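**Student:** Here's a structure for you.
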Amino acid sequence: MILLDAIHIILPLLMIVSALIAVYLKDLVAATIALASMSLLLSLEFYILQAPDVAIAEAGVGAALTTAILILAIKATKRTEEEEE
Amino acid sequence: MKGMSTIVKTIANIGFPIITIYGLYVIAHGHLTPGGGFQGGAIVASGLALLAVAHGTSWVESKVKEHDLSMLESLGALGFIGLAFLGLLMGGAFFSNFLVDTSMLFGAIPVDGAANINTGGTLPLMNFAVGLKVIAGLFAIVLVMAIATNKEED
Amino acid sequence: MNQRNILAAAFLTIVAVFLMFSALFMHPFGEPTSQAMDQYIIDNTVGETGANNGVTSVVFDYRGFDTLGEATVLFTAVASVVMLFRRLKK
């Protein structure tokens with residue numbers, strides 16, 4: 001049970017770390033992959049909280065479809081983020 | 001948008017049937033295992049989006065038209081609402097499960113609390129309708145955005 | 001600019017205090033407030049709908065109107081996206 005509590009603390013911390021990575025990266029494809037990993041960790045958290053329905057929906061929509069749409073948008077524009085000023 | 005390299009295309013060709021079969025399994029077993037119409041439809045649509053990203057827009061555009069996808073989506077929505085109205089007609093209430101405990105398809109009652117693929121009444125039919133709707137709808141979104149960005153490029 | 005920063009800091013402090021209070025008085029995890037309906041659904045799902053998955057039986061049978069609203073949301077989203085980008089294509 002102590003292991004489960006530790007996982008409940010570690011998984012949100014990893015999610016915050018991957019979200020910060022997605023914000024700080026200048027390569028937009030890499031940022032998209034970081035966002036997808038955050039979504040996958042969220043679906044893992046849902047699965048541990050015994051909500052497998054929500055976990056499957058989150059993995060399908062958040063990790064796969066959002067990534068596909070963002071990659072399509074990046075291929076139509078530029079890959080790297082521009083420096084401000 | 002042109003397709004990606006041969007490695008990506010081969011991996012997408014291998015992965016696409018597996019993803020599709022898994023998504024259809026989630027839809028068909030919606031009343032037995034975790035998942036349902038929306039979840040399975042999202043899985044199948046993500047497999048189709050994988051194919052679209054790997055092979056390029058013009059290849060997908062030559063295979064399927066977005067007009068057909070809109071029609072399939074409307075068909076799924078009409079099936080869902082039609083099943084609900086059939087419940088009003090035959091069971092006395094909107095969304096009534098009129099098929100359960102009859103001799104029709106999906107009408108068997110579970111023995112000892114263990115349901116199988118033939119039980120569930122209208123639930124599997126609604127799962128199929130919503131699954132069709134979600135597959136067509138989400139893939140239509142991806143396809144239309146891909147076509148629009150493609151035409152803007154050249 | 002400086003005044004605006006002070007204003008933003010005050011506003012953020014108020015929001016943070018509000019969120020901390022709501023976190024302190026949060027409901028215990030795993031104990032819903034009203035569970036009168038839960039036991040009925042757990043007991044009668046298999047007999048009434050013939051489905052082992054209770055979530056599907058709630059989503060499509062007991063609370064079908066929610067799914068109707070969700071389907072309407074998805075339909076509206078798809079219709080608006082298709083309409084917007086079809087105009088962009090030409």
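Within each chain, counting starts at residue 1; across the structure tokens, chains are named A, B, ... in the order shown, with ligands numbered 1 upward in that order.
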Could you give me, as a ChimeraX atom specification, each residue of chain B that DSSP assigns to helix (DSSP H, G or I) when run on this structure's backbone?
**Tutor:** /B:6-28,37-55,57-63,66-90,123-153
**Student:** Quick one: residues within 12 Å of stretch 77-79 of chain B, only C-alpha atoms, excluding same-chain residues fewer than 3 positions away - as a VMD selection string?
**Tutor:** (chain B and resid 70 to 74 82 to 86 122 125 to 137) or (chain C and resid 67 to 76)
**Student:** Any idea what's packed within 12 Å of A:Ile71, counting only C-alpha atoms, ignoring anything in its chain fewer than 2 positions away? Could you give it as JSON, numbers by chain?
**Tutor:** {"A": [27, 28, 29, 30, 31, 32, 33, 35, 36, 64, 65, 66, 67, 68, 69, 73, 74, 75, 76, 77, 78, 79], "B": [1, 49, 50, 52, 53, 54, 142, 145, 146, 149]}
**Student:** Write a file of the just-selected residues containing N, CA, C and O atoms, as a short mmCIF file (atom, residue, chain, number, x, y, z; two decimals), in the first residue's frame.
**Tutor:**
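selection32.cif, freshly written:
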```cif
data_model
loop_
_atom_site.label_atom_id
_atom_site.label_comp_id
_atom_site.auth_asym_id
_atom_site.auth_seq_id
_atom_site.Cartn_x
_atom_site.Cartn_y
_atom_site.Cartn_z
N ASP A 27 12.28 23.03 -29.96
CA ASP A 27 11.88 22.14 -31.05
C ASP A 27 10.44 21.71 -30.83
O ASP A 27 10.12 21.06 -29.82
N LEU A 28 9.55 22.08 -31.76
CA LEU A 28 8.13 21.89 -31.48
C LEU A 28 7.72 20.43 -31.57
O LEU A 28 6.80 20.00 -30.86
N VAL A 29 8.39 19.63 -32.42
CA VAL A 29 8.06 18.20 -32.47
C VAL A 29 8.41 17.52 -31.16
O VAL A 29 7.64 16.72 -30.62
N ALA A 30 9.59 17.88 -30.60
CA ALA A 30 9.98 17.32 -29.31
C ALA A 30 9.01 17.75 -28.21
O ALA A 30 8.66 16.96 -27.33
N ALA A 31 8.53 19.00 -28.28
CA ALA A 31 7.55 19.48 -27.30
C ALA A 31 6.25 18.70 -27.42
O ALA A 31 5.61 18.37 -26.41
N THR A 32 5.86 18.37 -28.66
CA THR A 32 4.64 17.58 -28.86
C THR A 32 4.79 16.19 -28.25
O THR A 32 3.85 15.66 -27.63
N ILE A 33 5.99 15.58 -28.42
CA ILE A 33 6.21 14.27 -27.84
C ILE A 33 6.17 14.33 -26.32
O ILE A 33 5.63 13.44 -25.64
N LEU A 35 4.40 16.44 -24.60
CA LEU A 35 2.97 16.57 -24.26
C LEU A 35 2.27 15.20 -24.32
O LEU A 35 1.44 14.87 -23.46
N ALA A 36 2.63 14.40 -25.33
CA ALA A 36 2.04 13.07 -25.44
C ALA A 36 2.45 12.19 -24.27
O ALA A 36 1.64 11.41 -23.76
N ALA A 64 -2.65 10.04 -28.79
CA ALA A 64 -2.52 9.71 -30.21
C ALA A 64 -3.08 10.80 -31.12
O ALA A 64 -2.38 11.32 -31.98
N LEU A 65 -4.36 11.15 -30.92
CA LEU A 65 -5.01 12.04 -31.89
C LEU A 65 -4.49 13.47 -31.80
O LEU A 65 -4.25 14.13 -32.81
N THR A 66 -4.28 13.95 -30.53
CA THR A 66 -3.76 15.31 -30.37
C THR A 66 -2.37 15.43 -30.97
O THR A 66 -2.03 16.43 -31.62
N THR A 67 -1.54 14.36 -30.75
CA THR A 67 -0.20 14.38 -31.32
C THR A 67 -0.24 14.42 -32.84
O THR A 67 0.53 15.16 -33.48
N ALA A 68 -1.15 13.63 -33.43
CA ALA A 68 -1.26 13.60 -34.90
C ALA A 68 -1.66 14.97 -35.43
O ALA A 68 -1.07 15.48 -36.40
N ILE A 69 -2.65 15.61 -34.79
CA ILE A 69 -3.11 16.91 -35.27
C ILE A 69 -2.02 17.97 -35.11
O ILE A 69 -1.77 18.78 -36.01
N ALA A 73 -0.06 20.14 -37.99
CA ALA A 73 0.04 21.60 -37.97
C ALA A 73 1.49 22.05 -38.05
O ALA A 73 1.81 23.03 -38.72
N ILE A 74 2.40 21.30 -37.38
CA ILE A 74 3.82 21.70 -37.40
C ILE A 74 4.40 21.50 -38.79
O ILE A 74 5.20 22.30 -39.27
N LYS A 75 3.97 20.42 -39.48
CA LYS A 75 4.50 20.20 -40.83
C LYS A 75 4.06 21.29 -41.79
O LYS A 75 4.73 21.55 -42.78
N ALA A 76 2.91 21.93 -41.51
CA ALA A 76 2.46 23.01 -42.39
C ALA A 76 3.14 24.33 -42.07
O ALA A 76 3.15 25.23 -42.90
N THR A 77 3.72 24.44 -40.85
CA THR A 77 4.38 25.70 -40.48
C THR A 77 5.88 25.43 -40.30
O THR A 77 6.44 24.66 -41.06
N LYS A 78 6.48 26.05 -39.29
CA LYS A 78 7.91 25.84 -39.06
C LYS A 78 8.13 24.94 -37.86
O LYS A 78 7.30 24.85 -36.96
N ARG A 79 9.31 24.26 -37.85
CA ARG A 79 9.54 23.28 -36.81
C ARG A 79 10.03 23.89 -35.50
O ARG A 79 9.66 23.43 -34.43
N MET B 1 1.03 17.51 -48.25
CA MET B 1 2.05 16.93 -47.39
C MET B 1 2.47 15.58 -47.96
O MET B 1 1.66 14.73 -48.25
N ALA B 49 -5.29 7.87 -38.17
CA ALA B 49 -4.48 9.09 -38.20
C ALA B 49 -3.01 8.74 -38.36
O ALA B 49 -2.26 9.46 -39.05
N LEU B 50 -2.58 7.62 -37.74
CA LEU B 50 -1.20 7.14 -37.94
C LEU B 50 -0.93 6.87 -39.41
O LEU B 50 0.10 7.28 -39.97
N ALA B 52 -2.54 8.18 -41.92
CA ALA B 52 -2.58 9.43 -42.67
C ALA B 52 -1.29 10.22 -42.51
O ALA B 52 -0.78 10.81 -43.48
N VAL B 53 -0.72 10.22 -41.29
CA VAL B 53 0.53 10.96 -41.07
C VAL B 53 1.69 10.28 -41.78
O VAL B 53 2.55 10.93 -42.38
N ALA B 54 1.69 8.92 -41.78
CA ALA B 54 2.83 8.21 -42.36
C ALA B 54 2.81 8.28 -43.88
O ALA B 54 3.85 8.48 -44.50
N VAL B 142 -9.16 15.02 -38.51
CA VAL B 142 -7.74 14.91 -38.87
C VAL B 142 -7.55 15.08 -40.38
O VAL B 142 -6.67 15.82 -40.83
N MET B 145 -8.16 18.72 -41.64
CA MET B 145 -7.05 19.61 -41.29
C MET B 145 -5.83 19.30 -42.14
O MET B 145 -5.13 20.21 -42.60
N ALA B 146 -5.57 18.02 -42.39
CA ALA B 146 -4.42 17.65 -43.22
C ALA B 146 -4.58 18.18 -44.63
O ALA B 146 -3.64 18.75 -45.21
N THR B 149 -4.09 22.10 -44.68
CA THR B 149 -2.69 22.53 -44.57
C THR B 149 -1.91 22.14 -45.82
O THR B 149 -0.99 22.84 -46.22
#
```
**Student:** Using the chain letters and numbers from this document, which residues of stretch 73-131 of chain B does DSSP assign to strand (DSSP E or B), as a ChimeraX atom specification?
**Tutor:** /B:108,111,114,119
**Student:** Got a sec: who's within 12 Å of A:Leu13, counting only C-alpha atoms, leaving out chain neighbours fewer than 5 positions off, as a VMD selection string?
**Tutor:** chain A and resid 6 to 8 18 to 20 38 41 to 42 45
**Student:** Could those residues be written to a file, using N, CA, C and O atoms, as a PDB file, in the first residue's frame?
**Tutor:**
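Ended up saving to result-v7.pdb:
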```
ATOM      1  N   ALA A   6       3.277   5.941  -2.981  1.00  0.00           N
ATOM      2  CA  ALA A   6       4.461   6.535  -3.608  1.00  0.00           C
ATOM      3  C   ALA A   6       4.220   6.774  -5.092  1.00  0.00           C
ATOM      4  O   ALA A   6       4.591   7.824  -5.640  1.00  0.00           O
ATOM      5  N   ILE A   7       3.546   5.796  -5.755  1.00  0.00           N
ATOM      6  CA  ILE A   7       3.250   5.972  -7.186  1.00  0.00           C
ATOM      7  C   ILE A   7       2.312   7.148  -7.405  1.00  0.00           C
ATOM      8  O   ILE A   7       2.472   7.933  -8.337  1.00  0.00           O
ATOM      9  N   HIS A   8       1.330   7.300  -6.481  1.00  0.00           N
ATOM     10  CA  HIS A   8       0.405   8.423  -6.611  1.00  0.00           C
ATOM     11  C   HIS A   8       1.110   9.757  -6.475  1.00  0.00           C
ATOM     12  O   HIS A   8       0.609  10.774  -6.965  1.00  0.00           O
ATOM     13  N   SER A  18       7.217  16.687 -17.310  1.00  0.00           N
ATOM     14  CA  SER A  18       7.094  16.607 -18.773  1.00  0.00           C
ATOM     15  C   SER A  18       6.338  17.818 -19.323  1.00  0.00           C
ATOM     16  O   SER A  18       6.637  18.267 -20.447  1.00  0.00           O
ATOM     17  N   ALA A  19       5.395  18.367 -18.546  1.00  0.00           N
ATOM     18  CA  ALA A  19       4.714  19.580 -19.006  1.00  0.00           C
ATOM     19  C   ALA A  19       5.698  20.751 -19.063  1.00  0.00           C
ATOM     20  O   ALA A  19       5.675  21.549 -20.013  1.00  0.00           O
ATOM     21  N   LEU A  20       6.598  20.849 -18.054  1.00  0.00           N
ATOM     22  CA  LEU A  20       7.598  21.915 -18.075  1.00  0.00           C
ATOM     23  C   LEU A  20       8.554  21.738 -19.251  1.00  0.00           C
ATOM     24  O   LEU A  20       8.946  22.711 -19.904  1.00  0.00           O
ATOM     25  N   MET A  38       3.109  13.272 -21.288  1.00  0.00           N
ATOM     26  CA  MET A  38       2.314  13.731 -20.150  1.00  0.00           C
ATOM     27  C   MET A  38       0.922  13.119 -20.183  1.00  0.00           C
ATOM     28  O   MET A  38       0.383  12.691 -19.164  1.00  0.00           O
ATOM     29  N   LEU A  41       1.136   9.480 -19.118  1.00  0.00           N
ATOM     30  CA  LEU A  41       1.279   9.351 -17.663  1.00  0.00           C
ATOM     31  C   LEU A  41      -0.052   9.616 -16.972  1.00  0.00           C
ATOM     32  O   LEU A  41      -0.399   8.948 -15.987  1.00  0.00           O
ATOM     33  N   LEU A  42      -0.828  10.570 -17.508  1.00  0.00           N
ATOM     34  CA  LEU A  42      -2.154  10.855 -16.942  1.00  0.00           C
ATOM     35  C   LEU A  42      -3.069   9.642 -17.092  1.00  0.00           C
ATOM     36  O   LEU A  42      -3.826   9.296 -16.165  1.00  0.00           O
ATOM     37  N   GLU A  45      -2.159   7.163 -14.519  1.00  0.00           N
ATOM     38  CA  GLU A  45      -2.702   7.566 -13.218  1.00  0.00           C
ATOM     39  C   GLU A  45      -4.188   7.215 -13.112  1.00  0.00           C
ATOM     40  O   GLU A  45      -4.658   6.716 -12.098  1.00  0.00           O
TER      41      GLU A  45
END
```
**Student:** Residues of chain C within 10 Å of chain A, counting only C-alpha atoms - could you list those as a short mmCIF file (atom, residue, chain, number, x, y, z; two decimals) with N, CA, C and O atoms, in the first residue's frame?
**Tutor:**
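Output contents, as saved in iface-v3.cif:
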```cif
data_model
loop_
_atom_site.label_atom_id
_atom_site.label_comp_id
_atom_site.auth_asym_id
_atom_site.auth_seq_id
_atom_site.Cartn_x
_atom_site.Cartn_y
_atom_site.Cartn_z
N GLY C 30 -12.23 8.94 -2.00
CA GLY C 30 -12.88 7.65 -2.10
C GLY C 30 -14.15 7.51 -1.30
O GLY C 30 -14.67 6.41 -1.18
N ASN C 53 -20.19 -4.69 -17.58
CA ASN C 53 -19.52 -3.41 -17.40
C ASN C 53 -20.54 -2.38 -16.91
O ASN C 53 -21.37 -1.90 -17.68
N VAL C 55 -20.15 0.68 -16.04
CA VAL C 55 -20.01 2.03 -16.58
C VAL C 55 -20.78 2.18 -17.89
O VAL C 55 -21.49 3.16 -18.11
N THR C 56 -20.66 1.15 -18.75
CA THR C 56 -21.39 1.23 -20.02
C THR C 56 -22.89 1.22 -19.79
O THR C 56 -23.64 1.92 -20.47
#
```
**Student:** I'd like the neighbourhood of B:Gly47 as JSON, numbers by chain, where a residue qualifies if any of its atoms comes within 12 Å (using only C-alpha atoms), though same-chain residues fewer than 6 positions away should be ignored.
**Tutor:** {"A": [60, 61, 63, 64, 65, 68], "B": [11, 12, 13, 14, 15, 16, 17, 18, 19, 20, 21, 22, 23, 24, 40, 41, 53, 54, 135, 138, 139, 142]}
**Student:** Give one line per residue of chain C that approaches chain B to at most 9 Å, naming the two atoms of the closest pair and their distance in Å to one decimal, counting only C-alpha atoms; sort by chain then ascending residue number and deliver it as CSV.
**Tutor:**
```
residue,atom,partner,partner_atom,distance
C:Val46,CA,B:Gly113,CA,6.0
C:Gly47,CA,B:Ile109,CA,7.3
C:Glu48,CA,B:Val100,CA,7.6
C:Thr49,CA,B:Gly120,CA,5.5
C:Gly50,CA,B:Gly120,CA,4.3
C:Ala51,CA,B:Gly120,CA,4.9
C:Asn52,CA,B:Leu32,CA,4.9
C:Asn53,CA,B:Leu32,CA,5.0
C:Gly54,CA,B:His31,CA,7.9
C:Val55,CA,B:Pro34,CA,7.9
C:Thr56,CA,B:His31,CA,5.8
C:Ser57,CA,B:Leu123,CA,7.1
C:Phe60,CA,B:Leu123,CA,6.4
C:Asp61,CA,B:Phe95,CA,6.1
C:Tyr62,CA,B:Phe95,CA,8.0
C:Arg63,CA,B:Phe95,CA,8.5
C:Gly64,CA,B:Phe95,CA,6.0
C:Phe65,CA,B:Phe95,CA,8.0
C:Leu68,CA,B:Ile81,CA,7.8
C:Ala71,CA,B:Ala77,CA,7.2
C:Thr72,CA,B:Ala77,CA,8.4
C:Leu74,CA,B:Gly137,CA,7.5
C:Phe75,CA,B:Gly137,CA,7.3
C:Ala77,CA,B:Ile141,CA,8.7
C:Val78,CA,B:Gly137,CA,5.8
C:Ala79,CA,B:Ser70,CA,8.1
C:Val81,CA,B:Ile141,CA,6.5
C:Val82,CA,B:Val144,CA,6.3
C:Phe85,CA,B:Ala148,CA,5.9
C:Arg86,CA,B:Val144,CA,7.3
C:Arg87,CA,B:Ala148,CA,8.9
C:Leu88,CA,B:Ala148,CA,6.2
C:Lys89,CA,B:Ala148,CA,5.1
C:Lys90,CA,B:Lys151,CA,8.2
```
**Student:** Output N, CA and C atoms for every residue in that selection, as an mmCIF file, in the first residue's frame.
**Tutor:**
```cif
data_model
loop_
_atom_site.group_PDB
_atom_site.id
_atom_site.type_symbol
_atom_site.label_atom_id
_atom_site.label_comp_id
_atom_site.auth_asym_id
_atom_site.auth_seq_id
_atom_site.Cartn_x
_atom_site.Cartn_y
_atom_site.Cartn_z
ATOM 1 N N VAL C 46 -26.520 -6.185 -13.705
ATOM 2 C CA VAL C 46 -26.476 -7.430 -14.479
ATOM 3 C C VAL C 46 -27.888 -7.929 -14.772
ATOM 4 N N GLY C 47 -28.788 -7.798 -13.803
ATOM 5 C CA GLY C 47 -30.130 -8.307 -14.029
ATOM 6 C C GLY C 47 -30.952 -7.457 -14.973
ATOM 7 N N GLU C 48 -30.795 -6.133 -14.885
ATOM 8 C CA GLU C 48 -31.676 -5.257 -15.661
ATOM 9 C C GLU C 48 -31.180 -5.006 -17.067
ATOM 10 N N THR C 49 -29.862 -4.880 -17.243
ATOM 11 C CA THR C 49 -29.347 -4.555 -18.575
ATOM 12 C C THR C 49 -28.567 -5.697 -19.199
ATOM 13 N N GLY C 50 -28.174 -6.692 -18.427
ATOM 14 C CA GLY C 50 -27.428 -7.804 -19.003
ATOM 15 C C GLY C 50 -26.020 -7.452 -19.391
ATOM 16 N N ALA C 51 -25.414 -6.480 -18.707
ATOM 17 C CA ALA C 51 -24.046 -6.089 -19.028
ATOM 18 C C ALA C 51 -23.182 -6.229 -17.778
ATOM 19 N N ASN C 52 -21.971 -6.727 -17.964
ATOM 20 C CA ASN C 52 -21.050 -6.827 -16.829
ATOM 21 C C ASN C 52 -20.370 -5.506 -16.531
ATOM 22 N N ASN C 53 -20.192 -4.691 -17.580
ATOM 23 C CA ASN C 53 -19.525 -3.405 -17.400
ATOM 24 C C ASN C 53 -20.540 -2.376 -16.915
ATOM 25 N N GLY C 54 -20.446 -2.044 -15.624
ATOM 26 C CA GLY C 54 -21.427 -1.131 -15.058
ATOM 27 C C GLY C 54 -21.364 0.257 -15.643
ATOM 28 N N VAL C 55 -20.151 0.676 -16.044
ATOM 29 C CA VAL C 55 -20.007 2.030 -16.576
ATOM 30 C C VAL C 55 -20.776 2.177 -17.887
ATOM 31 N N THR C 56 -20.664 1.154 -18.754
ATOM 32 C CA THR C 56 -21.394 1.230 -20.017
ATOM 33 C C THR C 56 -22.891 1.220 -19.792
ATOM 34 N N SER C 57 -23.342 0.415 -18.821
ATOM 35 C CA SER C 57 -24.783 0.370 -18.579
ATOM 36 C C SER C 57 -25.300 1.692 -18.021
ATOM 37 N N PHE C 60 -25.015 4.296 -21.245
ATOM 38 C CA PHE C 60 -25.938 4.122 -22.364
ATOM 39 C C PHE C 60 -27.371 3.805 -21.952
ATOM 40 N N ASP C 61 -27.580 3.464 -20.688
ATOM 41 C CA ASP C 61 -28.934 3.073 -20.313
ATOM 42 C C ASP C 61 -29.513 3.951 -19.207
ATOM 43 N N TYR C 62 -28.885 3.940 -18.029
ATOM 44 C CA TYR C 62 -29.463 4.696 -16.925
ATOM 45 C C TYR C 62 -29.368 6.200 -17.165
ATOM 46 N N ARG C 63 -28.222 6.636 -17.695
ATOM 47 C CA ARG C 63 -28.026 8.074 -17.944
ATOM 48 C C ARG C 63 -27.773 8.306 -19.424
ATOM 49 N N GLY C 64 -28.735 7.875 -20.246
ATOM 50 C CA GLY C 64 -28.538 7.996 -21.691
ATOM 51 C C GLY C 64 -28.522 9.419 -22.188
ATOM 52 N N PHE C 65 -29.179 10.330 -21.463
ATOM 53 C CA PHE C 65 -29.238 11.715 -21.924
ATOM 54 C C PHE C 65 -27.865 12.369 -21.915
ATOM 55 N N LEU C 68 -26.267 11.423 -25.044
ATOM 56 C CA LEU C 68 -26.869 12.181 -26.150
ATOM 57 C C LEU C 68 -26.244 13.561 -26.252
ATOM 58 N N ALA C 71 -22.738 13.191 -27.650
ATOM 59 C CA ALA C 71 -22.774 12.949 -29.094
ATOM 60 C C ALA C 71 -23.075 14.246 -29.834
ATOM 61 N N THR C 72 -23.941 15.093 -29.244
ATOM 62 C CA THR C 72 -24.242 16.381 -29.875
ATOM 63 C C THR C 72 -23.011 17.272 -29.911
ATOM 64 N N LEU C 74 -19.861 16.291 -29.973
ATOM 65 C CA LEU C 74 -18.922 15.775 -30.975
ATOM 66 C C LEU C 74 -19.396 16.117 -32.387
ATOM 67 N N PHE C 75 -20.702 15.980 -32.604
ATOM 68 C CA PHE C 75 -21.256 16.283 -33.936
ATOM 69 C C PHE C 75 -21.049 17.744 -34.291
ATOM 70 N N ALA C 77 -18.741 19.758 -33.078
ATOM 71 C CA ALA C 77 -17.317 20.028 -33.293
ATOM 72 C C ALA C 77 -16.897 19.594 -34.690
ATOM 73 N N VAL C 78 -17.304 18.380 -35.081
ATOM 74 C CA VAL C 78 -16.909 17.877 -36.399
ATOM 75 C C VAL C 78 -17.509 18.734 -37.506
ATOM 76 N N ALA C 79 -18.781 19.111 -37.343
ATOM 77 C CA ALA C 79 -19.441 19.910 -38.378
ATOM 78 C C ALA C 79 -18.762 21.262 -38.536
ATOM 79 N N VAL C 81 -15.602 22.100 -37.699
ATOM 80 C CA VAL C 81 -14.244 21.967 -38.245
ATOM 81 C C VAL C 81 -14.294 21.710 -39.741
ATOM 82 N N VAL C 82 -15.192 20.814 -40.167
ATOM 83 C CA VAL C 82 -15.294 20.506 -41.594
ATOM 84 C C VAL C 82 -15.728 21.731 -42.384
ATOM 85 N N PHE C 85 -12.664 24.310 -42.525
ATOM 86 C CA PHE C 85 -11.505 23.964 -43.336
ATOM 87 C C PHE C 85 -11.878 23.675 -44.782
ATOM 88 N N ARG C 86 -13.120 23.356 -45.041
ATOM 89 C CA ARG C 86 -13.531 23.209 -46.437
ATOM 90 C C ARG C 86 -13.481 24.560 -47.134
ATOM 91 N N ARG C 87 -13.815 25.628 -46.406
ATOM 92 C CA ARG C 87 -13.713 26.969 -46.969
ATOM 93 C C ARG C 87 -12.261 27.331 -47.242
ATOM 94 N N LEU C 88 -11.359 26.848 -46.361
ATOM 95 C CA LEU C 88 -9.936 27.175 -46.505
ATOM 96 C C LEU C 88 -9.304 26.465 -47.688
ATOM 97 N N LYS C 89 -9.878 25.319 -48.080
ATOM 98 C CA LYS C 89 -9.248 24.479 -49.089
ATOM 99 C C LYS C 89 -9.281 25.145 -50.459
ATOM 100 N N LYS C 90 -10.369 25.904 -50.745
ATOM 101 C CA LYS C 90 -10.527 26.461 -52.085
ATOM 102 C C LYS C 90 -9.775 27.788 -52.248
#
```
**Student:** One number please: atom CA of C:Phe18 to atom CA of A:Glu58, in Å, one decimal.
**Tutor:**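 Rounded to one decimal, the two atoms are 29.2 Å apart.
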